[in-house]
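Chemist: File protein26.txt follows (compact mmCIF, N, CA, C and O atoms):
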```
# COMPACT_ATOMS: atom_id res chain seq x y z
N GLY D 1 0.81 -1.19 0.00
CA GLY D 1 0.00 0.00 0.00
C GLY D 1 0.85 1.24 0.00
O GLY D 1 2.05 1.23 -0.18
N ASN D 2 0.19 2.34 0.23
CA ASN D 2 0.86 3.64 0.25
C ASN D 2 1.60 3.90 1.55
O ASN D 2 2.29 4.90 1.67
N PHE D 3 1.46 3.04 2.54
CA PHE D 3 2.05 3.29 3.84
C PHE D 3 3.30 2.46 4.09
O PHE D 3 3.83 2.45 5.18
N ILE D 4 3.78 1.78 3.08
CA ILE D 4 4.99 0.99 3.21
C ILE D 4 6.18 1.87 2.85
O ILE D 4 6.18 2.55 1.83
N THR D 5 7.19 1.86 3.70
CA THR D 5 8.35 2.71 3.45
C THR D 5 9.22 2.14 2.34
O THR D 5 9.19 0.94 2.04
N ASP D 6 10.02 3.01 1.76
CA ASP D 6 10.96 2.58 0.71
C ASP D 6 11.90 1.52 1.23
O ASP D 6 12.24 0.57 0.52
N GLU D 7 12.31 1.66 2.48
CA GLU D 7 13.23 0.70 3.08
C GLU D 7 12.64 -0.71 3.08
O GLU D 7 13.34 -1.69 2.79
N VAL D 8 11.36 -0.83 3.38
CA VAL D 8 10.69 -2.14 3.40
C VAL D 8 10.63 -2.71 1.98
O VAL D 8 10.89 -3.90 1.77
N VAL D 9 10.32 -1.88 1.01
CA VAL D 9 10.24 -2.34 -0.38
C VAL D 9 11.61 -2.83 -0.83
O VAL D 9 11.72 -3.92 -1.42
N TYR D 10 12.64 -2.07 -0.56
CA TYR D 10 13.98 -2.47 -1.00
C TYR D 10 14.46 -3.73 -0.27
O TYR D 10 15.15 -4.56 -0.85
N THR D 11 14.06 -3.89 0.99
CA THR D 11 14.39 -5.12 1.72
C THR D 11 13.70 -6.31 1.06
O THR D 11 14.30 -7.37 0.89
N LEU D 12 12.44 -6.14 0.68
CA LEU D 12 11.72 -7.21 -0.02
C LEU D 12 12.43 -7.57 -1.32
O LEU D 12 12.60 -8.76 -1.64
N LEU D 13 12.87 -6.57 -2.06
CA LEU D 13 13.54 -6.82 -3.33
C LEU D 13 14.87 -7.55 -3.12
O LEU D 13 15.24 -8.41 -3.93
N VAL D 14 15.57 -7.25 -2.05
CA VAL D 14 16.81 -7.95 -1.73
C VAL D 14 16.51 -9.42 -1.41
O VAL D 14 17.21 -10.32 -1.87
N ILE D 15 15.45 -9.65 -0.63
CA ILE D 15 15.07 -11.03 -0.29
C ILE D 15 14.72 -11.81 -1.56
O ILE D 15 15.17 -12.94 -1.75
N ILE D 16 13.94 -11.19 -2.44
CA ILE D 16 13.57 -11.85 -3.69
C ILE D 16 14.81 -12.15 -4.52
O ILE D 16 14.99 -13.26 -5.03
N SER D 17 15.68 -11.16 -4.65
CA SER D 17 16.86 -11.36 -5.51
C SER D 17 17.82 -12.39 -4.95
O SER D 17 18.52 -13.07 -5.72
N ASN D 18 17.86 -12.55 -3.64
CA ASN D 18 18.77 -13.51 -3.02
C ASN D 18 18.19 -14.91 -2.88
O ASN D 18 18.89 -15.82 -2.43
N THR D 19 16.92 -15.09 -3.25
CA THR D 19 16.26 -16.38 -3.12
C THR D 19 15.77 -16.83 -4.48
O THR D 19 14.69 -16.45 -4.93
N THR D 20 16.55 -17.64 -5.15
CA THR D 20 16.25 -18.07 -6.51
C THR D 20 14.85 -18.65 -6.64
O THR D 20 14.17 -18.42 -7.63
N GLU D 21 14.43 -19.38 -5.62
CA GLU D 21 13.11 -20.02 -5.67
C GLU D 21 11.97 -19.00 -5.72
O GLU D 21 10.85 -19.34 -6.09
N LEU D 22 12.23 -17.78 -5.34
CA LEU D 22 11.19 -16.74 -5.33
C LEU D 22 11.10 -15.95 -6.63
O LEU D 22 10.13 -15.23 -6.83
N HIS D 23 12.06 -16.05 -7.50
CA HIS D 23 12.09 -15.22 -8.70
C HIS D 23 10.83 -15.38 -9.54
O HIS D 23 10.11 -14.41 -9.78
N GLN D 24 10.56 -16.58 -9.99
CA GLN D 24 9.42 -16.81 -10.87
C GLN D 24 8.10 -16.57 -10.14
O GLN D 24 7.20 -15.92 -10.67
N TYR D 25 8.00 -17.07 -8.94
CA TYR D 25 6.79 -16.90 -8.15
C TYR D 25 6.49 -15.41 -7.93
O TYR D 25 5.36 -14.96 -8.12
N SER D 26 7.50 -14.65 -7.55
CA SER D 26 7.31 -13.24 -7.23
C SER D 26 6.90 -12.42 -8.44
O SER D 26 5.98 -11.60 -8.36
N VAL D 27 7.58 -12.63 -9.57
CA VAL D 27 7.25 -11.84 -10.75
C VAL D 27 5.83 -12.14 -11.22
O VAL D 27 5.08 -11.25 -11.61
N ARG D 28 5.42 -13.40 -11.15
CA ARG D 28 4.06 -13.76 -11.56
C ARG D 28 3.01 -13.21 -10.60
O ARG D 28 1.98 -12.69 -11.01
N LEU D 29 3.27 -13.33 -9.30
CA LEU D 29 2.32 -12.85 -8.30
C LEU D 29 2.18 -11.33 -8.36
O LEU D 29 1.07 -10.79 -8.33
N LEU D 30 3.30 -10.63 -8.45
CA LEU D 30 3.25 -9.17 -8.51
C LEU D 30 2.57 -8.69 -9.78
O LEU D 30 1.77 -7.76 -9.76
N TYR D 31 2.87 -9.34 -10.91
CA TYR D 31 2.23 -8.97 -12.17
C TYR D 31 0.71 -9.13 -12.05
O TYR D 31 -0.05 -8.25 -12.45
N SER D 32 0.26 -10.25 -11.48
CA SER D 32 -1.18 -10.49 -11.31
C SER D 32 -1.80 -9.46 -10.38
O SER D 32 -2.89 -8.96 -10.63
N SER D 33 -1.11 -9.16 -9.29
CA SER D 33 -1.62 -8.19 -8.32
C SER D 33 -1.71 -6.80 -8.92
O SER D 33 -2.58 -6.01 -8.56
N PHE D 34 -0.82 -6.50 -9.83
CA PHE D 34 -0.77 -5.15 -10.40
C PHE D 34 -1.96 -4.85 -11.30
O PHE D 34 -2.25 -3.69 -11.56
N GLU D 35 -2.68 -5.87 -11.73
CA GLU D 35 -3.84 -5.64 -12.59
C GLU D 35 -4.90 -4.79 -11.90
O GLU D 35 -5.69 -4.13 -12.56
N GLN D 36 -4.89 -4.79 -10.57
CA GLN D 36 -5.85 -3.96 -9.83
C GLN D 36 -5.14 -2.76 -9.17
O GLN D 36 -5.55 -2.28 -8.13
N TRP D 37 -4.08 -2.28 -9.80
CA TRP D 37 -3.29 -1.19 -9.25
C TRP D 37 -4.12 0.08 -9.11
O TRP D 37 -4.84 0.47 -10.02
N SER D 38 -4.02 0.70 -7.96
CA SER D 38 -4.73 1.96 -7.75
C SER D 38 -3.79 3.04 -7.22
O SER D 38 -4.16 3.84 -6.38
N GLY D 39 -2.56 3.01 -7.71
CA GLY D 39 -1.63 4.07 -7.39
C GLY D 39 -0.65 3.80 -6.26
O GLY D 39 0.09 4.71 -5.88
N GLN D 40 -0.62 2.58 -5.72
CA GLN D 40 0.31 2.29 -4.63
C GLN D 40 1.73 2.25 -5.19
O GLN D 40 2.06 1.37 -5.97
N GLU D 41 2.56 3.17 -4.75
CA GLU D 41 3.91 3.27 -5.28
C GLU D 41 4.74 2.03 -4.95
O GLU D 41 5.49 1.54 -5.79
N SER D 42 4.60 1.51 -3.75
CA SER D 42 5.41 0.36 -3.36
C SER D 42 5.10 -0.87 -4.23
O SER D 42 6.01 -1.60 -4.63
N LEU D 43 3.84 -1.09 -4.55
CA LEU D 43 3.46 -2.20 -5.42
C LEU D 43 4.04 -1.99 -6.81
O LEU D 43 4.57 -2.93 -7.43
N ALA D 44 3.97 -0.78 -7.31
CA ALA D 44 4.50 -0.49 -8.64
C ALA D 44 6.00 -0.70 -8.70
O ALA D 44 6.52 -1.32 -9.63
N VAL D 45 6.73 -0.21 -7.70
CA VAL D 45 8.18 -0.36 -7.69
C VAL D 45 8.57 -1.84 -7.65
O VAL D 45 9.41 -2.29 -8.44
N ALA D 46 7.95 -2.60 -6.76
CA ALA D 46 8.29 -4.02 -6.63
C ALA D 46 7.95 -4.77 -7.92
O ALA D 46 8.74 -5.59 -8.40
N THR D 47 6.79 -4.50 -8.49
CA THR D 47 6.35 -5.18 -9.71
C THR D 47 7.27 -4.87 -10.88
O THR D 47 7.75 -5.77 -11.57
N VAL D 48 7.52 -3.60 -11.08
CA VAL D 48 8.32 -3.19 -12.24
C VAL D 48 9.76 -3.66 -12.09
O VAL D 48 10.38 -4.11 -13.05
N TRP D 49 10.31 -3.61 -10.88
CA TRP D 49 11.67 -4.11 -10.67
C TRP D 49 11.74 -5.59 -11.00
O TRP D 49 12.66 -6.04 -11.69
N CYS D 50 10.78 -6.37 -10.50
CA CYS D 50 10.77 -7.82 -10.77
C CYS D 50 10.61 -8.10 -12.25
O CYS D 50 11.24 -9.02 -12.78
N ILE D 51 9.80 -7.32 -12.94
CA ILE D 51 9.64 -7.52 -14.38
C ILE D 51 10.95 -7.23 -15.09
O ILE D 51 11.35 -7.96 -16.00
N GLY D 52 11.66 -6.20 -14.67
CA GLY D 52 12.95 -5.90 -15.27
C GLY D 52 13.96 -7.01 -15.04
O GLY D 52 14.73 -7.36 -15.93
N GLU D 53 13.97 -7.58 -13.85
CA GLU D 53 14.93 -8.62 -13.51
C GLU D 53 14.52 -10.00 -14.02
O GLU D 53 15.36 -10.77 -14.46
N TYR D 54 13.23 -10.32 -13.91
CA TYR D 54 12.77 -11.69 -14.16
C TYR D 54 11.65 -11.76 -15.20
O TYR D 54 10.85 -12.68 -15.20
N GLY D 55 11.62 -10.79 -16.09
CA GLY D 55 10.57 -10.74 -17.11
C GLY D 55 10.50 -11.98 -17.97
O GLY D 55 9.42 -12.41 -18.38
N LYS D 56 11.66 -12.58 -18.22
CA LYS D 56 11.70 -13.80 -19.03
C LYS D 56 10.92 -14.92 -18.33
O LYS D 56 10.26 -15.72 -18.97
N MET D 57 11.00 -14.97 -17.01
CA MET D 57 10.28 -15.98 -16.24
C MET D 57 8.78 -15.73 -16.25
O MET D 57 7.99 -16.66 -16.14
N LEU D 58 8.39 -14.48 -16.39
CA LEU D 58 6.97 -14.15 -16.47
C LEU D 58 6.38 -14.65 -17.78
O LEU D 58 5.26 -15.16 -17.81
N LEU D 59 7.15 -14.55 -18.83
CA LEU D 59 6.68 -14.98 -20.15
C LEU D 59 6.81 -16.47 -20.35
O LEU D 59 6.09 -17.06 -21.15
N ASN D 60 7.72 -17.10 -19.63
CA ASN D 60 7.98 -18.52 -19.76
C ASN D 60 6.89 -19.32 -19.06
O ASN D 60 6.60 -19.10 -17.89
N GLN D 61 6.29 -20.27 -19.75
CA GLN D 61 5.22 -21.08 -19.17
C GLN D 61 5.74 -22.35 -18.50
O GLN D 61 4.98 -23.13 -17.97
N ASP D 62 7.04 -22.56 -18.53
CA ASP D 62 7.63 -23.73 -17.89
C ASP D 62 7.70 -23.51 -16.38
O ASP D 62 7.68 -22.39 -15.90
N GLY D 63 7.81 -24.60 -15.67
CA GLY D 63 8.06 -24.51 -14.24
C GLY D 63 6.88 -24.06 -13.41
O GLY D 63 7.04 -23.29 -12.48
N GLU D 64 5.70 -24.54 -13.73
CA GLU D 64 4.52 -24.18 -12.95
C GLU D 64 4.75 -24.59 -11.50
O GLU D 64 5.20 -25.68 -11.19
N MET D 65 4.45 -23.69 -10.60
CA MET D 65 4.63 -23.96 -9.19
C MET D 65 3.35 -24.53 -8.61
O MET D 65 2.25 -24.19 -9.07
N GLU D 66 3.49 -25.37 -7.64
CA GLU D 66 2.33 -26.02 -7.03
C GLU D 66 1.33 -24.99 -6.50
O GLU D 66 1.70 -24.04 -5.82
N GLY D 67 0.08 -25.18 -6.86
CA GLY D 67 -0.97 -24.29 -6.39
C GLY D 67 -1.04 -22.97 -7.13
O GLY D 67 -1.83 -22.11 -6.80
N GLN D 68 -0.21 -22.78 -8.13
CA GLN D 68 -0.20 -21.53 -8.87
C GLN D 68 -0.80 -21.76 -10.25
O GLN D 68 -0.30 -22.55 -11.03
N LYS D 69 -1.87 -21.06 -10.51
CA LYS D 69 -2.53 -21.15 -11.80
C LYS D 69 -1.82 -20.21 -12.76
O LYS D 69 -1.70 -19.02 -12.51
N LEU D 70 -1.30 -20.75 -13.86
CA LEU D 70 -0.56 -19.94 -14.80
C LEU D 70 -1.48 -19.16 -15.71
O LEU D 70 -2.42 -19.71 -16.27
N LYS D 71 -1.19 -17.90 -15.85
CA LYS D 71 -1.90 -17.06 -16.79
C LYS D 71 -0.92 -16.76 -17.91
O LYS D 71 0.24 -16.44 -17.66
N THR D 72 -1.36 -16.89 -19.13
CA THR D 72 -0.50 -16.61 -20.26
C THR D 72 -0.26 -15.11 -20.35
O THR D 72 -1.20 -14.32 -20.40
N VAL D 73 1.00 -14.73 -20.33
CA VAL D 73 1.39 -13.33 -20.42
C VAL D 73 2.30 -13.20 -21.63
O VAL D 73 3.27 -13.94 -21.77
N THR D 74 1.98 -12.25 -22.50
CA THR D 74 2.79 -12.04 -23.70
C THR D 74 3.69 -10.82 -23.51
O THR D 74 3.48 -10.00 -22.60
N GLN D 75 4.67 -10.68 -24.39
CA GLN D 75 5.52 -9.49 -24.37
C GLN D 75 4.69 -8.24 -24.54
O GLN D 75 4.95 -7.23 -23.90
N SER D 76 3.69 -8.33 -25.38
CA SER D 76 2.81 -7.19 -25.62
C SER D 76 2.07 -6.78 -24.34
O SER D 76 1.91 -5.59 -24.06
N ASP D 77 1.63 -7.77 -23.55
CA ASP D 77 0.95 -7.48 -22.28
C ASP D 77 1.87 -6.71 -21.34
O ASP D 77 1.46 -5.73 -20.70
N VAL D 78 3.11 -7.16 -21.26
CA VAL D 78 4.07 -6.52 -20.36
C VAL D 78 4.38 -5.10 -20.83
O VAL D 78 4.38 -4.16 -20.03
N LEU D 79 4.60 -4.94 -22.13
CA LEU D 79 4.89 -3.61 -22.66
C LEU D 79 3.70 -2.67 -22.48
O LEU D 79 3.89 -1.50 -22.16
N ASP D 80 2.49 -3.18 -22.66
CA ASP D 80 1.29 -2.36 -22.46
C ASP D 80 1.19 -1.90 -21.01
O ASP D 80 0.83 -0.76 -20.73
N MET D 81 1.50 -2.81 -20.07
CA MET D 81 1.45 -2.45 -18.66
C MET D 81 2.46 -1.36 -18.34
O MET D 81 2.14 -0.37 -17.69
N LEU D 82 3.70 -1.54 -18.82
CA LEU D 82 4.73 -0.54 -18.55
C LEU D 82 4.37 0.80 -19.21
O LEU D 82 4.57 1.86 -18.61
N GLU D 83 3.82 0.76 -20.41
CA GLU D 83 3.40 1.98 -21.08
C GLU D 83 2.29 2.69 -20.31
O GLU D 83 2.29 3.91 -20.17
N SER D 84 1.35 1.90 -19.77
CA SER D 84 0.26 2.51 -19.01
C SER D 84 0.78 3.20 -17.75
O SER D 84 0.25 4.24 -17.35
N ILE D 85 1.82 2.64 -17.14
CA ILE D 85 2.41 3.29 -15.97
C ILE D 85 3.09 4.59 -16.38
O ILE D 85 2.92 5.63 -15.73
N LEU D 86 3.84 4.55 -17.46
CA LEU D 86 4.54 5.75 -17.93
C LEU D 86 3.57 6.87 -18.28
O LEU D 86 3.89 8.05 -18.12
N ASN D 87 2.38 6.51 -18.76
CA ASN D 87 1.38 7.51 -19.14
C ASN D 87 0.45 7.91 -18.00
O ASN D 87 -0.35 8.82 -18.16
N ASN D 88 0.57 7.25 -16.86
CA ASN D 88 -0.31 7.50 -15.72
C ASN D 88 0.18 8.72 -14.94
O ASN D 88 1.32 8.78 -14.51
N GLN D 89 -0.71 9.67 -14.72
CA GLN D 89 -0.35 10.89 -14.00
C GLN D 89 -0.06 10.64 -12.52
O GLN D 89 0.64 11.41 -11.88
N ARG D 90 -0.61 9.55 -11.98
CA ARG D 90 -0.36 9.21 -10.57
C ARG D 90 1.03 8.63 -10.34
O ARG D 90 1.51 8.60 -9.22
N ALA D 91 1.66 8.15 -11.40
CA ALA D 91 2.97 7.50 -11.28
C ALA D 91 4.04 8.56 -11.04
O ALA D 91 4.17 9.52 -11.79
N SER D 92 4.82 8.34 -9.99
CA SER D 92 5.89 9.28 -9.66
C SER D 92 7.07 9.11 -10.61
O SER D 92 7.15 8.14 -11.37
N SER D 93 7.99 10.04 -10.54
CA SER D 93 9.19 9.94 -11.37
C SER D 93 10.02 8.72 -10.98
O SER D 93 10.72 8.14 -11.82
N ILE D 94 9.94 8.29 -9.73
CA ILE D 94 10.65 7.10 -9.28
C ILE D 94 10.11 5.86 -10.02
O ILE D 94 10.88 5.06 -10.55
N ILE D 95 8.79 5.73 -10.05
CA ILE D 95 8.17 4.60 -10.74
C ILE D 95 8.51 4.64 -12.23
O ILE D 95 8.84 3.62 -12.83
N LYS D 96 8.44 5.82 -12.81
CA LYS D 96 8.74 5.95 -14.24
C LYS D 96 10.19 5.59 -14.52
O LYS D 96 10.51 4.96 -15.53
N GLY D 97 11.08 5.93 -13.61
CA GLY D 97 12.48 5.54 -13.76
C GLY D 97 12.66 4.04 -13.72
O GLY D 97 13.42 3.47 -14.51
N PHE D 98 11.95 3.38 -12.80
CA PHE D 98 11.98 1.92 -12.74
C PHE D 98 11.44 1.32 -14.03
O PHE D 98 11.95 0.31 -14.52
N CYS D 99 10.39 1.92 -14.59
CA CYS D 99 9.81 1.43 -15.85
C CYS D 99 10.82 1.53 -16.99
O CYS D 99 10.96 0.58 -17.77
N LEU D 100 11.48 2.65 -17.10
CA LEU D 100 12.46 2.83 -18.17
C LEU D 100 13.61 1.83 -18.02
O LEU D 100 14.06 1.25 -19.01
N THR D 101 14.05 1.61 -16.79
CA THR D 101 15.10 0.63 -16.55
C THR D 101 14.63 -0.78 -16.92
O THR D 101 15.37 -1.54 -17.55
N ALA D 102 13.40 -1.11 -16.55
CA ALA D 102 12.85 -2.43 -16.89
C ALA D 102 12.77 -2.60 -18.40
O ALA D 102 13.10 -3.66 -18.93
N LEU D 103 12.35 -1.56 -19.11
CA LEU D 103 12.27 -1.64 -20.56
C LEU D 103 13.64 -1.88 -21.17
O LEU D 103 13.79 -2.68 -22.10
N LEU D 104 14.66 -1.21 -20.66
CA LEU D 104 16.02 -1.43 -21.15
C LEU D 104 16.48 -2.85 -20.89
O LEU D 104 17.08 -3.49 -21.77
N LYS D 105 16.19 -3.36 -19.71
CA LYS D 105 16.60 -4.73 -19.39
C LYS D 105 15.87 -5.74 -20.26
O LYS D 105 16.47 -6.71 -20.74
N LEU D 106 14.57 -5.52 -20.47
CA LEU D 106 13.80 -6.45 -21.29
C LEU D 106 14.26 -6.42 -22.75
O LEU D 106 14.26 -7.45 -23.42
N SER D 107 14.66 -5.25 -23.21
CA SER D 107 15.09 -5.14 -24.61
C SER D 107 16.41 -5.87 -24.86
O SER D 107 16.71 -6.23 -25.99
N SER D 108 17.18 -6.09 -23.81
CA SER D 108 18.46 -6.78 -23.99
C SER D 108 18.36 -8.30 -23.81
O SER D 108 19.34 -9.01 -23.97
N GLN D 109 17.18 -8.79 -23.48
CA GLN D 109 17.01 -10.24 -23.25
C GLN D 109 16.68 -10.96 -24.54
O GLN D 109 16.02 -10.58 -25.36
```
For the file at hand, write its structure as C-alpha cells.
Modeler:
Amino acid sequence: GNFITDEVVYTLLVIISNTTELHQYSVRLLYSSFEQWSGQESLAVATVWCIGEYGKMLLNQDGEMEGQKLKTVTQSDVLDMLESILNNQRASSIIKGFCLTALLKLSSQ
C-alpha cells in the first residue's frame, strides 16, 4: 500500500533477488496483483523491478509452481502495462524511472 516505506520495499527486493526459488513466483504474483493497481507506489516499484529482472520468467510457461494457476502473459501485455504506468499521471518519477530501466533490461534479453 501507500504506507509501506521505501526501506521495506527495497528489503523485499533484496530477499527476492537472493532467493532463486522466489524469482518466478514473485514476478508472476506481482504482475497479477498489479492488474488492480490503484496508485500504490510500493506495489509499482516491486512489480516493475521484478519484471525488469525476471521478465523472461513471467513470459515462460515452464516450471509451474504447485498451487499456482498460470496465466499466459505475452511481451505485448508486459509492454502495455509498462506503457500505461509511464502515461499515468499518478505515477511518480521514481516509478517511471523503474519502468524505463525495466524496458532497457527487457530489450536486452
Chemist: Calculated over only N, CA, C and O atoms, which of the candidates D:Thr72, D:Thr5, D:Phe98, D:Asn87 has the smallest distance to Cys50 in chain D?
Modeler: D:Phe98
Chemist: Using DSSP assignments from the backbone, pull out every residue in chain D that falls under helix (DSSP H, G or I) and give it to me as a VMD selection string.
Modeler: chain D and resid 6 to 18 20 to 34 41 to 59 75 to 87 93 to 107
Chemist: One decimal, Å: what's the distance from CA of Lys105 in chain D over to atom N of Glu53 in chain D, could you say?
Modeler: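 Taking CA of Lys105 in chain D as the start and atom N of Glu53 in chain D as the end point, the length is 6.8 Å.
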Chemist: Name the residues in contact with Ala44 in chain D at a cut-off of 12 Å, using only C-alpha atoms, excluding same-chain residues fewer than 5 positions from it; report them as a PyMOL selection string.
Modeler: chain D and resi 1-2+4+6+9+27+30-39+49-51+81-82+84-86+88+90-99+102
